[in-house]
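Coordinates from data21.txt are shown below (compact mmCIF, C-alpha atoms and all ligand atoms).
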```txt
# COMPACT_ATOMS: atom_id res chain seq x y z
CA MET A 1 -20.57 -12.80 22.01
CA ARG A 2 -18.26 -13.97 24.74
CA TRP A 3 -16.96 -17.08 23.07
CA LEU A 4 -14.62 -17.65 20.20
CA ARG A 5 -14.31 -20.93 18.37
CA CYS A 6 -10.79 -22.17 17.72
CA PRO A 7 -10.38 -22.38 13.92
CA TYR A 8 -7.94 -25.28 14.24
CA CYS A 9 -9.43 -27.72 16.77
CA GLY A 10 -12.96 -26.34 17.25
CA ALA A 11 -12.67 -25.82 21.03
CA THR A 12 -14.68 -23.01 22.60
CA ASN A 13 -12.50 -20.35 24.15
CA ASP A 14 -13.05 -17.12 26.01
CA ARG A 15 -12.90 -14.16 23.65
CA GLU A 16 -10.23 -12.52 25.82
CA ASP A 17 -7.83 -15.45 25.45
CA ARG A 18 -5.09 -15.12 22.88
CA TRP A 19 -4.25 -18.81 22.74
CA CYS A 20 -6.52 -21.84 22.44
CA GLY A 21 -6.89 -23.67 25.77
CA ARG A 22 -6.87 -27.08 24.07
CA CYS A 23 -4.39 -26.95 21.20
CA GLY A 24 -2.42 -23.84 22.14
CA LEU A 25 -2.61 -22.15 18.75
CA GLN A 26 -3.29 -18.46 18.34
CA ILE A 27 -7.01 -17.74 18.04
CA THR A 28 -7.11 -13.96 17.87
CA LEU A 29 -8.06 -12.65 14.48
CA ASP A 30 -5.34 -11.30 12.23
CA ILE A 31 -7.50 -8.53 10.75
CA LYS A 32 -4.72 -6.59 9.02
CA GLY A 33 -3.00 -9.68 7.62
CA SER A 34 -6.25 -11.05 6.26
CA LEU A 35 -7.20 -7.67 4.80
CA TYR A 36 -3.89 -7.07 2.99
CA LYS A 37 -3.58 -10.64 1.71
CA SER A 38 -7.10 -10.54 0.33
CA LEU A 39 -6.54 -7.11 -1.21
CA ALA A 40 -3.34 -8.28 -2.95
CA TYR A 41 -5.14 -11.27 -4.50
CA LEU A 42 -8.05 -9.06 -5.48
CA LEU A 43 -5.80 -6.56 -7.27
CA ALA A 44 -4.19 -9.45 -9.16
CA ALA A 45 -7.70 -10.57 -10.19
CA VAL A 46 -8.50 -7.05 -11.44
CA ILE A 47 -5.26 -6.95 -13.44
CA PHE A 48 -6.14 -10.24 -15.18
CA TYR A 49 -9.75 -9.17 -15.74
CA ILE A 50 -8.51 -6.69 -18.36
CA PRO A 51 -6.64 -9.05 -20.77
CA ALA A 52 -9.39 -11.65 -20.19
CA ASN A 53 -11.80 -9.21 -21.81
CA VAL A 54 -9.51 -7.50 -24.31
CA TYR A 55 -7.95 -10.56 -25.99
CA PRO A 56 -9.91 -13.01 -28.15
CA ILE A 57 -11.19 -15.96 -26.15
CA LEU A 58 -14.10 -17.28 -28.20
CA GLN A 59 -13.93 -18.59 -31.73
CA THR A 60 -17.15 -18.11 -33.63
CA SER A 61 -17.75 -19.48 -37.08
CA LYS A 62 -20.29 -17.78 -39.24
CA PHE A 63 -20.84 -19.59 -42.56
CA SER A 64 -17.34 -20.86 -43.35
CA ASN A 65 -15.87 -17.77 -41.76
CA VAL A 66 -13.87 -18.54 -38.61
CA GLU A 67 -12.78 -15.65 -36.46
CA GLY A 68 -11.69 -14.99 -32.92
CA SER A 69 -13.56 -12.57 -30.72
CA THR A 70 -13.51 -11.27 -27.19
CA ILE A 71 -16.01 -12.56 -24.62
CA ILE A 72 -18.29 -9.56 -25.14
CA GLY A 73 -17.85 -9.71 -28.92
CA GLY A 74 -18.76 -13.41 -28.91
CA VAL A 75 -21.79 -12.76 -26.70
CA LEU A 76 -23.02 -10.00 -29.03
CA GLU A 77 -22.49 -12.19 -32.07
CA LEU A 78 -24.34 -15.12 -30.51
CA TRP A 79 -27.15 -12.76 -29.53
CA ALA A 80 -27.38 -11.38 -33.06
CA GLU A 81 -27.58 -14.93 -34.41
CA GLY A 82 -30.44 -15.73 -32.06
CA ASP A 83 -28.50 -18.06 -29.70
CA TYR A 84 -30.01 -16.27 -26.70
CA PRO A 85 -29.56 -18.98 -24.01
CA VAL A 86 -25.87 -19.55 -24.83
CA ALA A 87 -25.27 -15.80 -25.09
CA ILE A 88 -26.89 -15.23 -21.68
CA ILE A 89 -25.04 -18.11 -19.98
CA ILE A 90 -21.66 -16.96 -21.29
CA PHE A 91 -22.39 -13.35 -20.32
CA VAL A 92 -23.54 -14.23 -16.79
CA ALA A 93 -20.81 -16.82 -16.08
CA SER A 94 -17.84 -15.06 -17.58
CA VAL A 95 -18.62 -11.35 -17.35
CA LEU A 96 -21.29 -10.63 -14.75
CA ILE A 97 -20.47 -13.11 -11.94
CA PRO A 98 -16.69 -12.43 -11.91
CA LEU A 99 -17.32 -8.67 -11.93
CA LEU A 100 -19.93 -8.81 -9.14
CA LYS A 101 -17.63 -11.03 -7.07
CA ILE A 102 -14.72 -8.61 -7.42
CA LEU A 103 -16.95 -5.64 -6.50
CA ALA A 104 -18.48 -7.52 -3.55
CA LEU A 105 -15.03 -8.43 -2.23
CA PHE A 106 -13.86 -4.81 -2.57
CA TYR A 107 -16.92 -3.73 -0.61
CA LEU A 108 -16.28 -6.29 2.14
CA LEU A 109 -12.62 -5.26 2.39
CA PHE A 110 -13.71 -1.63 2.57
CA THR A 111 -16.13 -2.50 5.40
CA ILE A 112 -13.33 -4.24 7.32
CA TRP A 113 -10.94 -1.38 6.67
CA ARG A 114 -13.49 1.15 8.03
CA LYS A 115 -14.21 -1.24 10.92
CA ARG A 116 -17.88 -0.40 10.69
CA CYS A 117 -20.89 -2.18 9.31
CA LYS A 118 -24.13 -0.29 9.01
CA SER A 119 -26.96 -2.49 10.24
CA LEU A 120 -28.07 -5.99 11.12
CA LYS A 121 -29.68 -6.21 7.69
CA GLN A 122 -26.37 -5.38 6.08
CA GLU A 123 -24.64 -7.85 8.34
CA MET A 124 -26.93 -10.61 7.05
CA TRP A 125 -26.36 -9.46 3.50
CA LEU A 126 -22.61 -9.58 4.00
CA TYR A 127 -22.82 -13.10 5.34
CA HIS A 128 -24.82 -14.17 2.32
CA LEU A 129 -22.21 -12.59 0.09
CA ILE A 130 -19.46 -14.49 1.87
CA GLU A 131 -21.48 -17.66 1.43
CA LEU A 132 -21.79 -16.87 -2.26
CA THR A 133 -18.11 -16.17 -2.70
CA GLY A 134 -17.17 -19.17 -0.55
CA PRO A 135 -18.40 -22.64 -1.50
CA TRP A 136 -19.94 -21.42 -4.74
CA SER A 137 -16.77 -19.72 -5.99
CA LEU A 138 -16.19 -22.50 -8.45
CA ILE A 139 -19.49 -22.05 -10.19
CA ASP A 140 -18.11 -19.83 -12.94
CA VAL A 141 -15.24 -22.24 -13.62
CA PHE A 142 -17.77 -25.06 -13.67
CA VAL A 143 -20.09 -23.25 -16.06
CA VAL A 144 -17.24 -22.37 -18.41
CA VAL A 145 -15.92 -25.96 -18.41
CA LEU A 146 -19.45 -27.19 -19.10
CA LEU A 147 -19.75 -24.67 -21.90
CA VAL A 148 -16.51 -25.76 -23.54
CA ALA A 149 -17.90 -29.31 -23.67
CA LEU A 150 -21.30 -28.13 -24.83
CA ILE A 151 -20.36 -25.58 -27.43
CA HIS A 152 -18.37 -28.01 -29.53
CA PHE A 153 -21.77 -28.93 -30.88
CA GLN A 154 -22.37 -25.31 -31.72
CA SER A 155 -20.55 -22.75 -33.73
CA ILE A 156 -18.19 -21.58 -30.98
CA ALA A 157 -15.04 -22.77 -29.29
CA ILE A 158 -12.71 -21.45 -26.60
CA ILE A 159 -9.41 -20.21 -28.01
CA PRO A 160 -6.50 -21.11 -25.75
CA GLY A 161 -4.26 -18.08 -25.45
CA ILE A 162 -3.70 -14.89 -23.50
CA GLY A 163 -7.44 -14.24 -23.12
CA ALA A 164 -8.32 -17.70 -21.79
CA SER A 165 -5.27 -17.95 -19.49
CA SER A 166 -6.02 -14.48 -18.12
CA PHE A 167 -9.62 -15.50 -17.49
CA ALA A 168 -8.53 -18.62 -15.59
CA LEU A 169 -6.03 -16.60 -13.54
CA MET A 170 -8.66 -13.95 -12.81
CA VAL A 171 -11.04 -16.63 -11.46
CA PHE A 172 -8.20 -18.19 -9.46
CA PHE A 173 -7.12 -14.92 -7.81
CA THR A 174 -10.73 -14.01 -6.98
CA LEU A 175 -11.02 -17.40 -5.26
CA MET A 176 -7.79 -16.80 -3.33
CA ALA A 177 -9.04 -13.34 -2.30
CA SER A 178 -12.22 -14.79 -0.80
CA TYR A 179 -10.26 -17.56 0.96
CA ALA A 180 -7.78 -15.06 2.38
CA LEU A 181 -10.67 -13.10 3.87
CA ASP A 182 -11.40 -14.59 7.29
CA GLU A 183 -15.19 -14.38 7.59
CA ARG A 184 -15.00 -14.29 11.38
CA ILE A 185 -13.63 -10.76 10.98
CA LEU A 186 -16.93 -9.61 9.51
CA GLY A 187 -18.83 -11.27 12.37
CA GLU A 188 -16.51 -9.51 14.80
CA ILE A 189 -16.95 -6.10 13.17
CA CYS A 190 -20.73 -6.43 12.76
CA ALA A 191 -21.21 -7.65 16.34
CA ARG A 192 -19.70 -4.46 17.78
ZN ZN B 1 -7.64 -25.12 19.38
```
Kindly present the structure from the file in structure tokens form.
Ligand SMILES: [Zn+2]
Amino acid sequence: MRWLRCPYCGATNDREDRWCGRCGLQITLDIKGSLYKSLAYLLAAVIFYIPANVYPILQTSKFSNVEGSTIIGGVLELWAEGDYPVAIIIFVASVLIPLLKILALFYLLFTIWRKRCKSLKQEMWLYHLIELTGPWSLIDVFVVVLLVALIHFQSIAIIPGIGASSFALMVFFTLMASYALDERILGEICAR
């Protein structure tokens, strides 16, 4: 690829140029800056992933017994009670998706750090991952918000506290990590 699109005004520039011919802003990729910024956000997400899973976040009431439980504890309890769909949705939206996103971002950062991507197939896969962690990043927040509204009809509720705030912060920092990662860097590395 000879051409590079200006991220600010959209003008097509020669790859060798450092500055955009139309708006004059810098168009060369800041690989290191993007890498470190994304890594910092990602580490913050990992830190908050721990209290999000260790502190009680769900309140389940069994007969007149109300008790707080962790996400996993709540999922297991719901499963044991036969609430399979709710158990699966909570598990996927609040345990599986955040974890896969964090791992995928670590992998992408590792790829950038090594400055090597294995094959065209992997390149495509990476792009799909970026797509997934880009516009769809809010899907877990959305699902959880939907759940809070929905589960008031059921026997569970979200407990506001350390667990829930940590979960929200974990989702937020994962989002920031994927925004900080300039996807053109992957294109650049995979095109070599
Ligand atoms: Zn420009």
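Environment of ligand ZN 1 (chain B), defined as every protein or nucleic acid residue with an atom within 9 Å of it and counting all atoms listed in the file, comprises Arg5, Cys6, Pro7, Tyr8, Cys9, Gly10, Ala11, Thr12, Asn13, Trp19, Cys20, Gly21, Arg22, Cys23, Gly24, Leu25, Gln26 and Ile27 of chain A.
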### Query
Within 12 Å of region 28-33 of chain A, counting all atoms listed in the file, which residues qualify if same-chain residues fewer than 2 places away don't, as a VMD selection string?
chain A and resid 3 to 8 13 to 20 24 to 26 35 to 40 109 111 to 115 180 to 189
### Task
Anything within 8 Å of (-7.8, -14.9, -5.9): list those residues as a ChimeraX atom specification, counting only C-alpha atoms and sticking to the file's coordinates.
/A:38,41-42,44-45,170-179
### Summary
re CA of Asn53 (chain A) and CA of Phe110 (chain A): distance 25.6 Å
